[in-house]
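In what follows, a single structure is set out as structure tokens and then discussed.
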Amino acid sequence: MKKLTRHGLFRALAVVGTVAAVGMLSAPVSAEELTGTLKKIKETGTITVGHRDSSIPFSYYDANQKPIGFAMDICARVVDAVKQKLAMPDLKVNYALVTSANRIPLMTNGTIDLECGSTTNNAARKQQVDFANTYFLTASRYVTLKTSKIHSIADLKGKTVVSTAGTTNIVQLNNVNNEQKLGINVVSAPGHAESFLMVQTGRATAFVMDDVLLASLAASAKDPDAFELPPGAFSKPEPYGIMIRRDDPQFKAVVNEATAKLYTSPEIETLYNKWFMSPIPPNNINLKLPLSAELKKAFAHPSDSPNPADY
């Protein structure tokens, strides 16, 4: 065996060190390097998706009590992205029913990892949780009978308009009424069903509420074609987003990458039309709510901003 000189020994050690360093760089990311939600999912082998039971068409139960909806379809893409990121094709997916009251506590305490419902992304909530890229924009609009021949907010001048008591919508209605000096007779009803009934029976010309809720009420009516949602809104659009935990940049990056990939593809319009422009289970109602210019822009330029002015 040939004896190494001191110079040769140093060269050999240097080569060994270089090979070891390259090996470390090319090694896959280990579980120990994961943080936050991704680490939790890796260690437990489970991801838990929070859903709603009646937030049509975002997240609700079908006839078999299975959670379905527009938001659920988007979250399924996120789950697939997590499986790929963690190299866990058999990752177990749990579903947990949440409510308006408990959705934020269940997120912050680690019970759920994604909340796929109809939760508005706003500055106050971002003090407790975070949100992925916006997947829907809702605004205060109005529903009216087609026979009323109302084509704009200006056409409501001097008319009786109802909104549900205790909502921000009635505040927005009053603000626009005062600012534009429309002389609208603003009345309130105790619930959404009662407000809608006032329009059905001709006691009010229009009902002001979140546009997607109005579309659902109209679609569920005995004669859906008797109603319409004319152009114009009483508020700026407010963003809905998938809720995730705060201060978890590693997980948020995966969620935002997955949603941005979907939103900037032609597939998002197909998915939107499936839930908003086609009959949906279990009762085959059709919301007939076309993709708005604002939401189309939001899909083209994905953002998780809570500021309505950004949309």
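FYI, nothing fancy with the structure tokens labels: chains A, B, ... in order, residues from 1 per chain, ligands from 1 as they appear.
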Within 10 Å of Tyr142 in chain A, counting only C-alpha atoms, which residues show up once you throw out same-chain ones fewer than 4 positions away? Write them as a list of chain:residue names, please.
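Using only C-alpha atoms, the neighbours found are A:Ser152, A:Ile153, A:Val161, A:Val162, A:Ser163, A:Leu173, A:Thr205, A:Ala206, A:Phe207, A:Val208, A:Met209, A:Asp210, A:Asp211, A:Leu214, A:Ala215, A:Glu228, A:Leu229, A:Pro230, A:Pro231, A:Gly232, A:Ala233, A:Phe234.
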Store the residues picked out above, limited to C-alpha atoms, as a JSON list (two decimals), in the first residue's frame.
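As a result, part-v6.json now contains:
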[["chain", "number", "residue", "atom", "x", "y", "z"],
["A", 152, "SER", "CA", -79.97, 50.23, -11.35],
["A", 153, "ILE", "CA", -79.71, 51.55, -7.81],
["A", 161, "VAL", "CA", -86.38, 48.67, 0.13],
["A", 162, "VAL", "CA", -85.95, 46.05, 2.85],
["A", 163, "SER", "CA", -82.89, 44.57, 4.54],
["A", 173, "LEU", "CA", -78.19, 50.66, 2.38],
["A", 205, "THR", "CA", -89.36, 46.67, -4.30],
["A", 206, "ALA", "CA", -85.95, 45.21, -3.41],
["A", 207, "PHE", "CA", -84.08, 43.30, -0.71],
["A", 208, "VAL", "CA", -80.46, 44.29, 0.03],
["A", 209, "MET", "CA", -78.11, 41.53, 1.24],
["A", 210, "ASP", "CA", -74.91, 39.62, 0.28],
["A", 211, "ASP", "CA", -75.25, 38.82, -3.41],
["A", 214, "LEU", "CA", -79.72, 36.62, -2.59],
["A", 215, "ALA", "CA", -78.90, 34.33, -5.50],
["A", 228, "GLU", "CA", -83.13, 39.15, -10.86],
["A", 229, "LEU", "CA", -80.07, 40.81, -9.33],
["A", 230, "PRO", "CA", -79.61, 44.04, -11.34],
["A", 231, "PRO", "CA", -76.20, 45.75, -11.65],
["A", 232, "GLY", "CA", -74.90, 47.93, -8.85],
["A", 233, "ALA", "CA", -73.75, 47.34, -5.27],
["A", 234, "PHE", "CA", -74.14, 49.03, -1.90]]
As a ChimeraX atom specification, please: every residue in range 109-255 of chain A that a backbone DSSP assignment puts in strand (DSSP E or B).
/A:114-116,120,129-138,140-145,160-164,185-189,206-210,227-228,238-245
Would you output that residue set with N, CA and C atoms, as a tab-separated table (two decimals), in the first residue's frame?
chain	number	residue	atom	x	y	z
A	114	LEU	N	-57.09	23.49	7.62
A	114	LEU	CA	-57.66	24.34	6.58
A	114	LEU	C	-59.12	24.57	6.93
A	115	GLU	N	-59.62	25.79	6.68
A	115	GLU	CA	-61.05	26.03	6.86
A	115	GLU	C	-61.62	26.41	5.51
A	116	CYS	N	-62.50	25.53	5.01
A	116	CYS	CA	-63.02	25.68	3.65
A	116	CYS	C	-64.52	25.94	3.73
A	120	THR	N	-65.01	35.52	5.50
A	120	THR	CA	-64.48	36.77	4.96
A	120	THR	C	-63.10	37.05	5.52
A	129	VAL	N	-55.84	34.84	12.68
A	129	VAL	CA	-55.58	33.77	11.72
A	129	VAL	C	-55.04	34.38	10.43
A	130	ASP	N	-54.80	33.55	9.44
A	130	ASP	CA	-54.35	34.05	8.14
A	130	ASP	C	-55.24	33.46	7.05
A	131	PHE	N	-55.08	33.95	5.83
A	131	PHE	CA	-55.91	33.49	4.72
A	131	PHE	C	-55.06	33.26	3.48
A	132	ALA	N	-55.52	32.33	2.65
A	132	ALA	CA	-54.88	32.08	1.36
A	132	ALA	C	-55.46	33.04	0.33
A	133	ASN	N	-55.04	32.87	-0.91
A	133	ASN	CA	-55.52	33.73	-1.99
A	133	ASN	C	-57.04	33.73	-2.08
A	134	THR	N	-57.60	34.88	-2.36
A	134	THR	CA	-59.05	35.07	-2.44
A	134	THR	C	-59.68	34.18	-3.51
A	135	TYR	N	-60.80	33.50	-3.13
A	135	TYR	CA	-61.49	32.66	-4.10
A	135	TYR	C	-62.91	33.14	-4.41
A	136	PHE	N	-63.38	34.18	-3.70
A	136	PHE	CA	-64.70	34.74	-4.00
A	136	PHE	C	-64.77	36.16	-3.46
A	137	LEU	N	-65.57	36.98	-4.14
A	137	LEU	CA	-65.83	38.35	-3.69
A	137	LEU	C	-67.33	38.53	-3.57
A	138	THR	N	-67.77	38.93	-2.38
A	138	THR	CA	-69.19	39.17	-2.16
A	138	THR	C	-69.42	40.65	-1.90
A	140	SER	N	-72.76	43.78	-1.10
A	140	SER	CA	-74.17	44.06	-0.81
A	140	SER	C	-74.86	44.48	-2.10
A	141	ARG	N	-75.72	43.60	-2.60
A	141	ARG	CA	-76.49	43.92	-3.80
A	141	ARG	C	-77.97	43.78	-3.48
A	142	TYR	N	-78.79	43.72	-4.47
A	142	TYR	CA	-80.23	43.68	-4.21
A	142	TYR	C	-80.94	42.76	-5.21
A	143	VAL	N	-82.00	42.13	-4.72
A	143	VAL	CA	-82.83	41.28	-5.56
A	143	VAL	C	-84.18	41.94	-5.71
A	144	THR	N	-84.77	41.81	-6.89
A	144	THR	CA	-86.07	42.42	-7.16
A	144	THR	C	-86.84	41.54	-8.14
A	145	LEU	N	-88.12	41.76	-8.23
A	145	LEU	CA	-88.92	41.06	-9.23
A	145	LEU	C	-88.65	41.67	-10.60
A	160	THR	N	-89.68	51.46	-1.64
A	160	THR	CA	-89.49	50.79	-0.35
A	160	THR	C	-88.50	49.65	-0.54
A	161	VAL	N	-87.44	49.68	0.23
A	161	VAL	CA	-86.38	48.67	0.13
A	161	VAL	C	-86.16	48.07	1.51
A	162	VAL	N	-86.10	46.75	1.58
A	162	VAL	CA	-85.95	46.05	2.85
A	162	VAL	C	-84.56	45.46	2.99
A	163	SER	N	-84.09	45.33	4.22
A	163	SER	CA	-82.89	44.57	4.54
A	163	SER	C	-83.10	43.95	5.93
A	164	THR	N	-82.29	42.99	6.26
A	164	THR	CA	-82.47	42.27	7.52
A	164	THR	C	-81.90	43.06	8.70
A	185	ASN	N	-87.39	54.45	1.09
A	185	ASN	CA	-88.04	54.11	2.35
A	185	ASN	C	-87.43	52.81	2.85
A	186	VAL	N	-86.45	52.91	3.75
A	186	VAL	CA	-85.73	51.75	4.25
A	186	VAL	C	-86.51	51.09	5.39
A	187	VAL	N	-86.81	49.81	5.23
A	187	VAL	CA	-87.51	49.05	6.27
A	187	VAL	C	-86.68	47.82	6.61
A	188	SER	N	-86.92	47.26	7.78
A	188	SER	CA	-86.18	46.06	8.20
A	188	SER	C	-87.13	44.91	8.46
A	189	ALA	N	-86.59	43.71	8.33
A	189	ALA	CA	-87.34	42.49	8.64
A	189	ALA	C	-86.46	41.66	9.59
A	206	ALA	N	-87.23	45.92	-3.37
A	206	ALA	CA	-85.95	45.21	-3.41
A	206	ALA	C	-85.52	44.80	-2.01
A	207	PHE	N	-84.66	43.81	-1.96
A	207	PHE	CA	-84.08	43.30	-0.71
A	207	PHE	C	-82.57	43.38	-0.85
A	208	VAL	N	-81.92	44.11	0.07
A	208	VAL	CA	-80.46	44.29	0.03
A	208	VAL	C	-79.78	43.31	0.99
A	209	MET	N	-78.82	42.54	0.45
A	209	MET	CA	-78.11	41.53	1.24
A	209	MET	C	-76.88	41.09	0.45
A	210	ASP	N	-76.05	40.18	1.01
A	210	ASP	CA	-74.91	39.62	0.28
A	210	ASP	C	-75.41	38.98	-1.00
A	227	PHE	N	-87.20	36.47	-10.54
A	227	PHE	CA	-86.32	37.39	-9.83
A	227	PHE	C	-85.04	37.69	-10.62
A	228	GLU	N	-84.42	38.81	-10.28
A	228	GLU	CA	-83.13	39.15	-10.86
A	228	GLU	C	-82.31	39.99	-9.89
A	238	GLU	N	-66.05	42.16	-0.79
A	238	GLU	CA	-65.31	41.64	0.36
A	238	GLU	C	-64.80	40.24	0.02
A	239	PRO	N	-63.52	39.96	0.30
A	239	PRO	CA	-62.91	38.69	-0.12
A	239	PRO	C	-63.17	37.52	0.83
A	240	TYR	N	-63.44	36.35	0.24
A	240	TYR	CA	-63.47	35.09	0.96
A	240	TYR	C	-62.15	34.38	0.67
A	241	GLY	N	-61.61	33.70	1.68
A	241	GLY	CA	-60.39	32.93	1.47
A	241	GLY	C	-60.34	31.71	2.35
A	242	ILE	N	-59.52	30.74	1.98
A	242	ILE	CA	-59.28	29.57	2.82
A	242	ILE	C	-58.52	30.04	4.06
A	243	MET	N	-59.06	29.72	5.22
A	243	MET	CA	-58.43	30.16	6.46
A	243	MET	C	-57.35	29.17	6.90
A	244	ILE	N	-56.19	29.72	7.31
A	244	ILE	CA	-55.08	28.91	7.81
A	244	ILE	C	-54.52	29.58	9.07
A	245	ARG	N	-53.54	28.94	9.70
A	245	ARG	CA	-52.98	29.52	10.91
A	245	ARG	C	-52.04	30.70	10.59
Spatial neighbours of Gln250 in chain A, 9 Å, only C-alpha atoms, chain gap at least 4 places, as a ChimeraX atom specification
/A:34-38,254
Could you name the residues that touch range 77-83 of chain A at 6 Å or less, counting only C-alpha atoms, but leaving out those on the same chain fewer than 4 positions away, as a PyMOL selection string?
chain A and resi 87-89+255+258
Keeping only C-alpha atoms, write those residues as a short mmCIF file (atom, residue, chain, number, x, y, z; two decimals), in the first residue's frame.
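Contents of the output file part-v1.cif:
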data_model
loop_
_atom_site.label_atom_id
_atom_site.label_comp_id
_atom_site.auth_asym_id
_atom_site.auth_seq_id
_atom_site.Cartn_x
_atom_site.Cartn_y
_atom_site.Cartn_z
CA ALA A 87 -44.22 12.86 -0.53
CA MET A 88 -47.23 11.33 1.26
CA PRO A 89 -49.66 10.10 -1.43
CA VAL A 255 -51.46 26.77 -0.09
CA ALA A 258 -51.65 25.60 -5.21
#
Using DSSP secondary structure from the backbone, list all helix (DSSP H, G or I) positions within range 64-193 of chain A, as an mmCIF file with N, CA and C atoms, in the first residue's frame.
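Output below, filename states-v1.cif:
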data_model
loop_
_atom_site.group_PDB
_atom_site.id
_atom_site.type_symbol
_atom_site.label_atom_id
_atom_site.label_comp_id
_atom_site.auth_asym_id
_atom_site.auth_seq_id
_atom_site.Cartn_x
_atom_site.Cartn_y
_atom_site.Cartn_z
ATOM 1 N N PHE A 70 -67.868 24.618 -3.804
ATOM 2 C CA PHE A 70 -66.806 25.333 -4.514
ATOM 3 C C PHE A 70 -65.534 25.403 -3.673
ATOM 4 N N ALA A 71 -65.667 25.799 -2.408
ATOM 5 C CA ALA A 71 -64.498 25.888 -1.524
ATOM 6 C C ALA A 71 -63.894 24.516 -1.257
ATOM 7 N N MET A 72 -64.754 23.504 -1.159
ATOM 8 C CA MET A 72 -64.249 22.153 -0.905
ATOM 9 C C MET A 72 -63.434 21.643 -2.093
ATOM 10 N N ASP A 73 -63.869 21.966 -3.308
ATOM 11 C CA ASP A 73 -63.107 21.564 -4.486
ATOM 12 C C ASP A 73 -61.732 22.232 -4.515
ATOM 13 N N ILE A 74 -61.692 23.505 -4.113
ATOM 14 C CA ILE A 74 -60.415 24.222 -4.076
ATOM 15 C C ILE A 74 -59.501 23.616 -3.004
ATOM 16 N N CYS A 75 -60.078 23.307 -1.852
ATOM 17 C CA CYS A 75 -59.277 22.729 -0.775
ATOM 18 C C CYS A 75 -58.745 21.347 -1.153
ATOM 19 N N ALA A 76 -59.470 20.629 -1.998
ATOM 20 C CA ALA A 76 -58.988 19.320 -2.452
ATOM 21 C C ALA A 76 -57.689 19.482 -3.240
ATOM 22 N N ARG A 77 -57.576 20.572 -3.990
ATOM 23 C CA ARG A 77 -56.337 20.850 -4.728
ATOM 24 C C ARG A 77 -55.203 21.161 -3.758
ATOM 25 N N VAL A 78 -55.525 21.867 -2.691
ATOM 26 C CA VAL A 78 -54.510 22.190 -1.686
ATOM 27 C C VAL A 78 -54.019 20.911 -1.008
ATOM 28 N N VAL A 79 -54.940 20.024 -0.675
ATOM 29 C CA VAL A 79 -54.568 18.751 -0.053
ATOM 30 C C VAL A 79 -53.642 17.962 -0.979
ATOM 31 N N ASP A 80 -53.946 17.949 -2.273
ATOM 32 C CA ASP A 80 -53.079 17.256 -3.237
ATOM 33 C C ASP A 80 -51.672 17.863 -3.246
ATOM 34 N N ALA A 81 -51.604 19.195 -3.131
ATOM 35 C CA ALA A 81 -50.307 19.877 -3.119
ATOM 36 C C ALA A 81 -49.508 19.514 -1.865
ATOM 37 N N VAL A 82 -50.214 19.389 -0.742
ATOM 38 C CA VAL A 82 -49.552 19.004 0.512
ATOM 39 C C VAL A 82 -49.025 17.571 0.405
ATOM 40 N N LYS A 83 -49.821 16.686 -0.178
ATOM 41 C CA LYS A 83 -49.381 15.300 -0.374
ATOM 42 C C LYS A 83 -48.099 15.246 -1.185
ATOM 43 N N GLN A 84 -48.057 16.061 -2.241
ATOM 44 C CA GLN A 84 -46.874 16.089 -3.107
ATOM 45 C C GLN A 84 -45.679 16.693 -2.382
ATOM 46 N N LYS A 85 -45.909 17.774 -1.664
ATOM 47 C CA LYS A 85 -44.825 18.448 -0.940
ATOM 48 C C LYS A 85 -44.179 17.512 0.076
ATOM 49 N N LEU A 86 -45.006 16.734 0.769
ATOM 50 C CA LEU A 86 -44.498 15.855 1.824
ATOM 51 C C LEU A 86 -44.192 14.449 1.338
ATOM 52 N N ARG A 103 -65.052 28.401 14.313
ATOM 53 C CA ARG A 103 -64.070 28.150 13.253
ATOM 54 C C ARG A 103 -62.699 28.743 13.567
ATOM 55 N N ILE A 104 -62.654 29.956 14.130
ATOM 56 C CA ILE A 104 -61.367 30.574 14.447
ATOM 57 C C ILE A 104 -60.696 29.891 15.635
ATOM 58 N N PRO A 105 -61.412 29.630 16.760
ATOM 59 C CA PRO A 105 -60.771 28.890 17.853
ATOM 60 C C PRO A 105 -60.248 27.520 17.441
ATOM 61 N N LEU A 106 -60.986 26.805 16.586
ATOM 62 C CA LEU A 106 -60.539 25.476 16.161
ATOM 63 C C LEU A 106 -59.311 25.556 15.271
ATOM 64 N N MET A 107 -59.145 26.675 14.580
ATOM 65 C CA MET A 107 -57.938 26.873 13.774
ATOM 66 C C MET A 107 -56.747 27.204 14.669
ATOM 67 N N THR A 108 -56.940 28.138 15.575
ATOM 68 C CA THR A 108 -55.816 28.573 16.417
ATOM 69 C C THR A 108 -55.339 27.491 17.380
ATOM 70 N N ARG A 125 -59.760 39.843 11.533
ATOM 71 C CA ARG A 125 -59.529 38.402 11.645
ATOM 72 C C ARG A 125 -58.059 38.057 11.449
ATOM 73 N N LYS A 126 -57.355 38.861 10.656
ATOM 74 C CA LYS A 126 -55.938 38.568 10.414
ATOM 75 C C LYS A 126 -55.079 38.826 11.647
ATOM 76 N N GLN A 127 -55.675 39.365 12.708
ATOM 77 C CA GLN A 127 -54.968 39.463 13.981
ATOM 78 C C GLN A 127 -54.914 38.106 14.674
ATOM 79 N N LYS A 146 -88.582 40.839 -11.622
ATOM 80 C CA LYS A 146 -88.344 41.343 -12.970
ATOM 81 C C LYS A 146 -89.450 42.313 -13.395
ATOM 82 N N THR A 147 -90.648 42.056 -12.891
ATOM 83 C CA THR A 147 -91.783 42.923 -13.256
ATOM 84 C C THR A 147 -91.659 44.328 -12.681
ATOM 85 N N SER A 148 -90.752 44.508 -11.705
ATOM 86 C CA SER A 148 -90.552 45.843 -11.123
ATOM 87 C C SER A 148 -89.791 46.757 -12.068
ATOM 88 N N ILE A 153 -79.412 51.034 -9.150
ATOM 89 C CA ILE A 153 -79.712 51.552 -7.808
ATOM 90 C C ILE A 153 -80.493 52.860 -7.908
ATOM 91 N N ALA A 154 -80.182 53.657 -8.917
ATOM 92 C CA ALA A 154 -80.901 54.931 -9.100
ATOM 93 C C ALA A 154 -82.397 54.714 -9.307
ATOM 94 N N ASP A 155 -82.766 53.561 -9.888
ATOM 95 C CA ASP A 155 -84.180 53.254 -10.131
ATOM 96 C C ASP A 155 -84.941 52.970 -8.835
ATOM 97 N N LEU A 156 -84.210 52.806 -7.735
ATOM 98 C CA LEU A 156 -84.855 52.543 -6.441
ATOM 99 C C LEU A 156 -85.288 53.838 -5.743
ATOM 100 N N THR A 168 -74.842 44.372 8.563
ATOM 101 C CA THR A 168 -74.092 45.504 8.011
ATOM 102 C C THR A 168 -74.748 45.979 6.712
ATOM 103 N N ASN A 169 -75.515 45.099 6.090
ATOM 104 C CA ASN A 169 -76.157 45.437 4.811
ATOM 105 C C ASN A 169 -77.151 46.580 4.944
ATOM 106 N N ILE A 170 -77.898 46.597 6.045
ATOM 107 C CA ILE A 170 -78.885 47.672 6.217
ATOM 108 C C ILE A 170 -78.175 48.998 6.503
ATOM 109 N N VAL A 171 -77.024 48.923 7.150
ATOM 110 C CA VAL A 171 -76.211 50.120 7.381
ATOM 111 C C VAL A 171 -75.700 50.656 6.051
ATOM 112 N N GLN A 172 -75.224 49.756 5.200
ATOM 113 C CA GLN A 172 -74.725 50.159 3.880
ATOM 114 C C GLN A 172 -75.845 50.743 3.015
ATOM 115 N N LEU A 173 -77.026 50.152 3.111
ATOM 116 C CA LEU A 173 -78.187 50.662 2.384
ATOM 117 C C LEU A 173 -78.511 52.087 2.820
ATOM 118 N N ASN A 174 -78.531 52.324 4.121
ATOM 119 C CA ASN A 174 -78.814 53.667 4.645
ATOM 120 C C ASN A 174 -77.748 54.671 4.222
ATOM 121 N N ASN A 175 -76.491 54.229 4.205
ATOM 122 C CA ASN A 175 -75.404 55.134 3.816
ATOM 123 C C ASN A 175 -75.548 55.590 2.366
ATOM 124 N N VAL A 176 -75.807 54.653 1.470
ATOM 125 C CA VAL A 176 -75.967 54.990 0.055
ATOM 126 C C VAL A 176 -77.213 55.843 -0.157
ATOM 127 N N ASN A 177 -78.256 55.508 0.557
ATOM 128 C CA ASN A 177 -79.497 56.281 0.460
ATOM 129 C C ASN A 177 -79.267 57.735 0.835
ATOM 130 N N ASN A 178 -78.517 57.969 1.901
ATOM 131 C CA ASN A 178 -78.239 59.337 2.356
ATOM 132 C C ASN A 178 -77.258 60.053 1.431
ATOM 133 N N GLU A 179 -76.200 59.336 1.023
ATOM 134 C CA GLU A 179 -75.172 59.952 0.176
ATOM 135 C C GLU A 179 -75.725 60.359 -1.194
ATOM 136 N N HIS A 192 -83.742 36.817 6.962
ATOM 137 C CA HIS A 192 -83.579 36.851 5.509
ATOM 138 C C HIS A 192 -84.834 36.350 4.791
ATOM 139 N N ALA A 193 -85.446 35.286 5.326
ATOM 140 C CA ALA A 193 -86.641 34.727 4.696
ATOM 141 C C ALA A 193 -87.771 35.746 4.684
#
Thr48 in chain A environment, 8 Å, only C-alpha atoms, sequence neighbours closer than 4 positions dropped, as JSON, numbers by chain
{"A": [93, 94, 95, 96, 111, 112, 113, 114]}
Can you pull out every residue within 9 Å of Tyr272 in chain A, counting only C-alpha atoms, but drop anything in the same chain fewer than 3 positions away, and send it as number ranges by chain?
A: 70, 267-269, 275-277, 290-291
Pull C-alpha atoms from the residues just selected and write them as a tab-separated table (two decimals), in the first residue's frame.
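Saved as part.tsv:
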chain	number	residue	atom	x	y	z
A	70	PHE	CA	-66.81	25.33	-4.51
A	267	GLU	CA	-59.99	25.43	-15.17
A	268	ILE	CA	-61.11	27.99	-12.56
A	269	GLU	CA	-63.88	29.30	-14.83
A	275	TRP	CA	-71.18	25.77	-8.73
A	276	PHE	CA	-72.64	29.15	-9.68
A	277	MET	CA	-74.09	28.73	-13.18
A	290	PRO	CA	-72.08	34.98	-13.39
A	291	LEU	CA	-68.36	35.43	-12.75
Please identify all polymer residues within 8 Å of range 62-67 of chain A, counting only C-alpha atoms, omitting same-chain residues fewer than 5 positions from it, and present them as a list in words.
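Residues near the query, excluding close chain neighbours: His51, Arg52, Asp53, Met72, Pro281 and Pro282 of chain A.
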Deliver the residues from the most recent selection as a file, using C-alpha atoms, as a PDB file, in the first residue's frame.
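Generated output (result-v7.pdb):
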ATOM      1  CA  HIS A  51     -66.113  22.643   6.520  1.00  0.00           C
ATOM      2  CA  ARG A  52     -69.623  24.060   6.887  1.00  0.00           C
ATOM      3  CA  ASP A  53     -72.964  22.260   6.663  1.00  0.00           C
ATOM      4  CA  MET A  72     -64.249  22.153  -0.905  1.00  0.00           C
ATOM      5  CA  PRO A 281     -76.985  18.977  -5.637  1.00  0.00           C
ATOM      6  CA  PRO A 282     -78.958  17.971  -3.757  1.00  0.00           C
TER       7      PRO A 282
END
To one decimal in Å, tell me the separation between CA of Ser235 in chain A and CA of Ser118 in chain A.
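Distance between the two atoms: 17.8 Å.
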Which one of A:Ser59, A:Thr201, A:Thr167, A:Thr99 sits closest to Gly117 in chain A if you count only C-alpha atoms?
A:Ser59
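Pairwise distance (CA of Lys159 in chain A, CA of Ala204 in chain A) equals 7.7 Å.
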